[in-house]
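*Asks:* The structure is given below, and queries will be raised subsequently.
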Amino acid sequence: MVAKPKKKMAIIASQGSLDWAYPPFILASTAAAMDMEVKIFFTFYGLPLLKKKINPKVTPTGNPAMPMKMPFGPQFFQNINWPIPNAISGNMPGFESVATGLMKKTFKNKGVATITELRDMCELLGVELIACQMTMDVFGFEKEEFIEGVSYGGAAAFLDFAADSDIQLFI
Amino acid sequence: MTLYDETIDCKGMQCPMPVLKTKMKIDTMAAGKVLKLITSDPGSCKDIPAWAERVGHKLLSNEETDEGYLFYIERGE
């Protein structure tokens with residue numbers, strides 16, 4: 001039997017908040033588990049996801065569709081979607097930390113893996129993680145801050161792979 | 001009753017972990033061996049068959065039981 005050529009997936013991860021960090025790592029690890037060759041190109045605010053210690057946060061401000069629900073208490077209480085206007089969520093000190101804590105708790109309660117666990121799975125399954133060199137220089141990131149095994153490249157390096165990929169995503 | 005060689009329990013895990021853990025488990029098995037998988041994530045009802053077909057494993061059965069969603073997967077070549 002002649003082996004089928006591997007499917008390829010190219011992802012640009014441009015966001016580093018807790019909510020937006022999930023899709024690239026979920027899709028990349030799953031694609032690798034489906035025998036695809038996967039590369040994620042981390043640029044702009046996606047770049048911090050390559051740091052050794054990552055602690056992504058979520059902000060309800062500017063995310064009007066984000067449900068604001070409590071991950072504890074009786075079920076009727078957990079079902080309440082709290083109507084918190086941006087004027088409050090954007091101005092109250094510590095609101096972001098609280099929202100991040102609540103989202104992490106919700107994910108944990110529901111059995112969702114952490115970002116670090118999913119990133120570990122990506123590495124284990126052979127997903128190539130590429131840091132955008134230009135963003136590193138602009139925002140002052142050093143290679144020492146990043147996990148081992150990260151490679152470095154620019155737009156042409158990504159496009160060269162993306163041009164031959166079956167799936168290309170910008171996240 | 002399907003005969004099986006190995007089992008994996010992915011109850012309590014959410015997408016994509018059941019697929020990832022199952023892939024890692026079945027990679028350690030020889031071709032033709034059967035893996036019994038149990039999950040609680042309703043999404044896995046679609047995900048596990050899609051994954052198995054894509055990578056060339058044979059889904060022998062797929063059913064909802066009191067325990068959870070039960071799959072028997074035969075390792076492909």
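Chain identifiers are assigned as A, B, and so on, following the order in which chains appear in the structure tokens; residues are numbered from 1 within each chain, and ligands are numbered from 1 in order of appearance.
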Write out as a list of chain:residue names which residues come within 10 Å of B:Leu35 when counting only C-alpha atoms, dropping same-chain ones fewer than 4 positions away.
*Replies:*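 Non-adjacent residues within range: B:Leu3, B:Tyr4, B:Asp5, B:Glu6, B:Thr7, B:Ile8, B:Thr22, B:Lys25, B:Ile26, B:Met29, B:Leu59, B:Leu60, B:Phe71, B:Tyr72, B:Ile73, B:Glu74, B:Arg75.
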*Asks:* Would you save the residues of that selection, restricted to C-alpha atoms, as a tab-separated table (two decimals), in the first residue's frame?
*Replies:*
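Heads up, here's the output in part.tsv:
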chain	number	residue	atom	x	y	z
B	3	LEU	CA	-13.52	-8.83	22.92
B	4	TYR	CA	-10.81	-6.31	23.59
B	5	ASP	CA	-7.11	-6.18	24.51
B	6	GLU	CA	-6.74	-2.81	26.21
B	7	THR	CA	-8.98	-0.20	27.80
B	8	ILE	CA	-8.83	3.54	28.27
B	22	THR	CA	-6.85	7.54	22.69
B	25	LYS	CA	-2.84	4.69	23.83
B	26	ILE	CA	-3.52	3.00	20.50
B	29	MET	CA	-0.74	-1.33	20.58
B	59	LEU	CA	-14.42	1.54	14.70
B	60	LEU	CA	-16.05	-1.76	15.60
B	71	PHE	CA	-16.27	2.61	21.65
B	72	TYR	CA	-14.38	-0.44	20.43
B	73	ILE	CA	-11.58	0.47	18.07
B	74	GLU	CA	-9.35	-1.93	16.15
B	75	ARG	CA	-5.85	-0.65	15.57
*Asks:* Kindly provide, as a list of chain:residue names, the residues of chain A having any atom no farther than 8 Å from an atom of chain B, counting only C-alpha atoms.
*Replies:*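 Those within range of chain B come out as A:Ile26, A:Ser29, A:Thr30, A:Ala33, A:Met34, A:Asp35, A:Lys110, A:Gly111, A:Val112, A:Ala113, A:Met121.
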*Asks:* When DSSP is applied to the backbone of this structure, which of stretch 14-68 of chain A are assigned strand (DSSP E)? Write them out as a compact mmCIF listing (two decimals) with C-alpha atoms, in the first residue's frame.
*Replies:*
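Printed below is selection.txt as written:
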# COMPACT_ATOMS: atom_id res chain seq x y z
CA GLU A 37 1.75 17.91 9.76
CA VAL A 38 1.06 21.08 11.75
CA LYS A 39 2.86 24.36 12.21
CA ILE A 40 1.66 27.24 14.38
CA PHE A 41 3.13 30.64 13.68
CA PHE A 42 2.91 32.85 16.78
*Asks:* Can you list, as a list in words, every protein, DNA or RNA residue that comes within 10 Å of A:Ser165 when you count only C-alpha atoms, leaving out same-chain residues fewer than 5 positions away?
*Replies:*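 Once the adjacent positions are removed, what remains is Lys6, Lys7, Lys8, Met9, Ala10, Ile11, Met36, Glu37, Val38, Lys39, Leu159 and Asp160 of chain A.
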*Asks:* Run DSSP on the backbone and tell me which residues of chain B come out as alpha helix (DSSP H); list them as a ChimeraX atom specification.
*Replies:* /B:17-27,44-55
*Asks:* Quick one: pull the distance between atom CA of B:Gly76 and atom CA of B:His57, Å, one decimal.
*Replies:*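 Between these atoms lies a distance of 4.3 Å.
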*Asks:* Check the smallest atom-to-atom distance from each of A:Ser89, A:Lys105, A:Leu47, A:Gln168 to A:Cys132 using only C-alpha atoms, then report the winner.
*Replies:*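 Smallest separation from A:Cys132 among the options: A:Leu47.
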*Asks:* What is the distance, in Å and to one decimal place, between atom CA of A:Val138 and atom CA of A:Tyr45?
*Replies:*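 Atom-to-atom, atom CA of A:Val138 to atom CA of A:Tyr45, that is 11.6 Å.
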*Asks:* Between atom CA of A:Asn55 and atom CA of A:Pro85, what distance in Å does the model show, to one decimal?
*Replies:* 25.3 Å
*Asks:* What's around A:Leu50 at 8 Å? Count only C-alpha atoms, leave out sequence neighbours fewer than 3 positions away in its own chain, and write the answer as a PDB file with C-alpha atoms, in the first residue's frame.
*Replies:*
ATOM      1  CA  PHE A  42       2.910  32.852  16.780  1.00  0.00           C
ATOM      2  CA  LEU A  47       3.813  35.278  21.051  1.00  0.00           C
ATOM      3  CA  ILE A  54       2.261  31.262  30.639  1.00  0.00           C
ATOM      4  CA  ALA A 131       7.899  32.471  16.775  1.00  0.00           C
ATOM      5  CA  PHE A 146      10.590  30.697  25.364  1.00  0.00           C
ATOM      6  CA  ILE A 147      10.234  26.946  25.751  1.00  0.00           C
ATOM      7  CA  VAL A 150      10.612  26.755  19.295  1.00  0.00           C
TER       8      VAL A 150
END
